[in-house]
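Encoded as structure tokens, the structure appears first; notes follow it.
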Amino acid sequence: PASFSSYGTNLDILAPGENMTTATWTKSNSTSAYVSGIAGTSFAAPYVSGLLSLARSHHPDASWAELTHALRATADHASLTAAQPVSATLGSGYAQADDFITRIITPSNSGMRYQFGPLVSAGTLGSTRAHQCRESGDFPATWLYEITTGSNNYYTLDTLAYVRAQTRGDTVKKLWYSCVGLPGDQPSTLRTINLFSEIKNNPAYKPAL
């Protein structure tokens with residue numbers, strides 16, 4: 001991590017930001033000049049955006065929760081572990097373009113997937129493909145949230161819904177880091193862990209949105 005980087009609990013992932021080569025402008029060459037040795041976190045942001053854009057072209061129907069999970073789950077996790085998958089100085093680790101793209105273009109063919117449900121996707125930002133991290137290569141990287149409004153509660157991966165619920169004064173809780181699948185994954189057997197039955201002992205599904 002660069003010495004000039006900012007850190008904190010909202011850090012998601014690290015990407016290159018030092019010793020970069022980039023386009024520049026000179027009076028003698030205004031169209032094809034380059035300079036090396038440049039540094040700045042403004043280089044790390046488009047690196048990640050470019051990876052996600054490439055992933056989006058392969059999975060136009062995927063939610064952002066699914067794509068960003070794949071990016072974080074395939075990172076170089078350095079000193080992180082499945083028990084402590086995120087830190088305030090590393091996020092989920094260092095973005096690994098090759099491993100990320102391999103995951104994007106290679107469907108998971110796990111034997112059995114234990115999927116959580118029922119989940120509220122809350123639009124394109126969420127996902128209903130959250131599952132226990134039991135498959136080969138799984139690494140927990142996405143929070144599963146519980147949100148309670150009055151007597152109703154629901155579960156989601158949508159961080160925006162979580163923040164909006166906090167703003168409304170709802171009761172919000174981070175349950176645990178989960179894993180998230182992608183469109184095209186082909187588990188041979190899919191079992192659902194009903195969160196209302198397992199956590200609230202209440203099989204009635206009462207979404208609060």
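Scheme for the structure tokens: letters A, B, ... for chains in order shown; per-chain residue numbers from 1; ligand numbers from 1 in order shown.
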
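The neighbours of Thr148 of chain A here are the residues that come within 8 Å of it, using only C-alpha atoms and leaving out any residue fewer than 6 positions away in the same chain; they are Tyr154, Asp170, Thr171, Val172 and Ala208 of chain A.
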
May I have the selected residues written with N, CA and C atoms, as a tab-separated table (two decimals), in the first residue's frame?
chain	number	residue	atom	x	y	z
A	154	TYR	N	-35.89	-8.46	7.00
A	154	TYR	CA	-35.47	-9.08	5.75
A	154	TYR	C	-33.95	-9.15	5.71
A	170	ASP	N	-33.98	2.30	11.11
A	170	ASP	CA	-34.32	0.89	11.26
A	170	ASP	C	-33.25	0.17	12.07
A	171	THR	N	-33.58	-1.00	12.55
A	171	THR	CA	-32.60	-1.83	13.23
A	171	THR	C	-31.82	-2.60	12.17
A	172	VAL	N	-30.51	-2.42	12.16
A	172	VAL	CA	-29.67	-3.06	11.14
A	172	VAL	C	-28.59	-3.89	11.83
A	208	ALA	N	-39.65	-6.16	4.27
A	208	ALA	CA	-40.01	-4.83	4.78
A	208	ALA	C	-39.86	-3.74	3.71

- prompt: Skipping near chain neighbours, those fewer than 2 positions away, what residues fall within 10 Å of Ser36 of chain A using only C-alpha atoms, listed as a list in words?
  reply: Glu18, Asn19, Met20, Thr21, Thr22, Ala23, Thr24, Tyr34, Ile38 and Ala39 of chain A

Could you give me, as CSV, a per-residue list for segment 116-172 of chain A showing, wherever an atom lies at most 12 Å from an atom of segment 182-204 of chain A, the closest pair of atoms and their distance in Å to one decimal, using only C-alpha atoms and sorting by chain then residue number from low to high?
residue,atom,partner,partner_atom,distance
A:Phe116,CA,A:Ile193,CA,4.9
A:Gly117,CA,A:Asn194,CA,5.1
A:Pro118,CA,A:Asn194,CA,6.4
A:Leu119,CA,A:Leu195,CA,8.5
A:Val120,CA,A:Leu195,CA,11.7
A:Ser127,CA,A:Leu182,CA,9.3
A:Thr128,CA,A:Leu182,CA,10.1
A:Arg129,CA,A:Leu182,CA,7.4
A:Ala130,CA,A:Leu182,CA,9.7
A:His131,CA,A:Thr192,CA,8.5
A:Gln132,CA,A:Ile193,CA,9.1
A:Arg134,CA,A:Pro187,CA,11.8
A:Glu135,CA,A:Pro187,CA,9.6
A:Ser136,CA,A:Pro187,CA,11.7
A:Leu144,CA,A:Leu195,CA,10.7
A:Tyr145,CA,A:Leu195,CA,11.1
A:Glu146,CA,A:Leu195,CA,9.7
A:Thr148,CA,A:Lys200,CA,11.6
A:Ser151,CA,A:Ala204,CA,11.8
A:Asn152,CA,A:Ala204,CA,9.9
A:Asn153,CA,A:Phe196,CA,8.9
A:Tyr154,CA,A:Phe196,CA,8.4
A:Tyr155,CA,A:Leu195,CA,7.9
A:Thr156,CA,A:Leu195,CA,10.8

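Nearest to Ile104 of chain A of all the residues A:Thr31, A:Ser178, A:Ser121, A:Thr68 is A:Thr68, based on only C-alpha atoms.
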
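Distances here use only C-alpha atoms; by that measure, the residue among A:Ile101, A:Lys27, A:Gln96, A:Gly17 closest to Arg56 of chain A is A:Ile101.
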
Would you list, as a PDB file with C-alpha atoms, in the first residue's frame, the residues of segment 20-173 of chain A that end up in strand (DSSP E or B) under DSSP run on this structure's backbone?
ATOM      1  CA  MET A  20       2.502   3.840 -13.149  1.00  0.00           C
ATOM      2  CA  THR A  21       2.957   4.597 -16.842  1.00  0.00           C
ATOM      3  CA  THR A  22       0.311   6.901 -18.262  1.00  0.00           C
ATOM      4  CA  ALA A  23      -0.511   9.163 -21.167  1.00  0.00           C
ATOM      5  CA  THR A  24       0.687  12.749 -20.902  1.00  0.00           C
ATOM      6  CA  ALA A  33       3.389  10.945 -25.212  1.00  0.00           C
ATOM      7  CA  TYR A  34       3.766   8.800 -22.106  1.00  0.00           C
ATOM      8  CA  VAL A  35       5.427   9.245 -18.755  1.00  0.00           C
ATOM      9  CA  SER A  36       6.494   6.661 -16.150  1.00  0.00           C
ATOM     10  CA  GLY A  37       6.961   6.702 -12.388  1.00  0.00           C
ATOM     11  CA  ILE A  38       3.656   8.434 -11.686  1.00  0.00           C
ATOM     12  CA  ASP A  76      -4.368 -11.806  -3.171  1.00  0.00           C
ATOM     13  CA  SER A  87      -8.920  -5.473   7.395  1.00  0.00           C
ATOM     14  CA  GLY A  91      -9.632  -4.431   2.511  1.00  0.00           C
ATOM     15  CA  TYR A  94      -4.716  -6.927  -3.647  1.00  0.00           C
ATOM     16  CA  MET A 112     -23.424 -28.902  -3.635  1.00  0.00           C
ATOM     17  CA  ARG A 113     -24.212 -25.294  -2.769  1.00  0.00           C
ATOM     18  CA  TYR A 114     -25.875 -24.245   0.484  1.00  0.00           C
ATOM     19  CA  GLN A 115     -27.637 -21.060  -0.553  1.00  0.00           C
ATOM     20  CA  PHE A 116     -29.179 -18.558   1.874  1.00  0.00           C
ATOM     21  CA  GLY A 117     -32.768 -17.520   1.432  1.00  0.00           C
ATOM     22  CA  ALA A 130     -25.389 -15.742  -1.348  1.00  0.00           C
ATOM     23  CA  HIS A 131     -24.231 -19.082   0.009  1.00  0.00           C
ATOM     24  CA  THR A 142     -19.572  -9.970   1.192  1.00  0.00           C
ATOM     25  CA  TRP A 143     -21.647  -9.019   4.218  1.00  0.00           C
ATOM     26  CA  LEU A 144     -25.060 -10.551   4.739  1.00  0.00           C
ATOM     27  CA  TYR A 145     -27.277  -7.926   6.407  1.00  0.00           C
ATOM     28  CA  GLU A 146     -30.403  -8.241   8.525  1.00  0.00           C
ATOM     29  CA  ILE A 147     -32.716  -5.218   8.458  1.00  0.00           C
ATOM     30  CA  THR A 148     -35.757  -4.850  10.704  1.00  0.00           C
ATOM     31  CA  THR A 149     -38.528  -2.308  10.135  1.00  0.00           C
ATOM     32  CA  ASN A 152     -40.870  -7.062   9.713  1.00  0.00           C
ATOM     33  CA  ASN A 153     -37.341  -8.098   8.893  1.00  0.00           C
ATOM     34  CA  TYR A 154     -35.469  -9.084   5.754  1.00  0.00           C
ATOM     35  CA  TYR A 155     -32.036 -10.160   4.603  1.00  0.00           C
ATOM     36  CA  THR A 156     -29.944  -8.684   1.817  1.00  0.00           C
ATOM     37  CA  THR A 171     -32.599  -1.827  13.227  1.00  0.00           C
ATOM     38  CA  VAL A 172     -29.671  -3.061  11.137  1.00  0.00           C
ATOM     39  CA  LYS A 173     -27.231  -5.860  11.773  1.00  0.00           C
TER      40      LYS A 173
END

Exercise. Hey, what's within 12 Å of Ala88 of chain A if we count only C-alpha atoms and toss same-chain stuff fewer than 2 positions away? As a ChimeraX atom specification, please?
Worked result: /A:1,5-14,80,84-86,90-93

Writer output for current selection, C-alpha atoms, as a PDB file, in the first residue's frame:
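Writing done, so here's again.pdb:
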ATOM      1  CA  PRO A   1       0.000   0.000   0.000  1.00  0.00           C
ATOM      2  CA  SER A   5      -3.231   6.081   0.728  1.00  0.00           C
ATOM      3  CA  SER A   6      -6.224   6.488   3.000  1.00  0.00           C
ATOM      4  CA  TYR A   7      -7.395   3.554   5.096  1.00  0.00           C
ATOM      5  CA  GLY A   8     -10.407   2.583   7.131  1.00  0.00           C
ATOM      6  CA  THR A   9     -13.201   0.094   7.646  1.00  0.00           C
ATOM      7  CA  ASN A  10     -14.829   1.063   4.335  1.00  0.00           C
ATOM      8  CA  LEU A  11     -11.791  -0.056   2.309  1.00  0.00           C
ATOM      9  CA  ASP A  12     -12.802  -2.771  -0.167  1.00  0.00           C
ATOM     10  CA  ILE A  13      -9.684  -3.695  -2.121  1.00  0.00           C
ATOM     11  CA  LEU A  14      -6.209  -2.466  -3.097  1.00  0.00           C
ATOM     12  CA  LEU A  80      -5.985 -12.288   5.671  1.00  0.00           C
ATOM     13  CA  GLN A  84     -10.724 -12.524   9.361  1.00  0.00           C
ATOM     14  CA  PRO A  85     -11.272 -11.871   5.637  1.00  0.00           C
ATOM     15  CA  VAL A  86     -11.119  -8.059   5.691  1.00  0.00           C
ATOM     16  CA  LEU A  90      -5.905  -4.236   3.165  1.00  0.00           C
ATOM     17  CA  GLY A  91      -9.632  -4.431   2.511  1.00  0.00           C
ATOM     18  CA  SER A  92      -9.995  -7.884   0.937  1.00  0.00           C
ATOM     19  CA  GLY A  93      -6.424  -7.766  -0.360  1.00  0.00           C
TER      20      GLY A  93
END

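Each of A:Ala95, A:His77, A:Tyr47, A:Thr106 was compared to His59 of chain A using only C-alpha atoms, and A:Thr106 turns out to be the nearest.
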
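Compared by their closest atoms to Thr74 of chain A, and using only C-alpha atoms, the residues A:Val163, A:Ala15, A:Ala97, A:Leu157 rank with A:Ala97 nearest.
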
Please extract the residues of segment 44-138 of chain A with a backbone DSSP assignment of alpha helix (DSSP H) and present them as a ChimeraX atom specification. /A:44-58,64-73,97-105

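A straight line drawn from atom CA of Pro60 of chain A to atom CA of Gly137 of chain A is 23.4 Å long.
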
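Taking only C-alpha atoms into account, His58 of chain A lies nearest to A:Thr102 out of the set A:Thr81, A:Thr41, A:Asn29, A:Thr102.
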
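Closest approach to Leu51 of chain A among A:Tyr177, A:Phe139, A:Trp25, A:Phe100 is made by A:Phe100 (distances from only C-alpha atoms).
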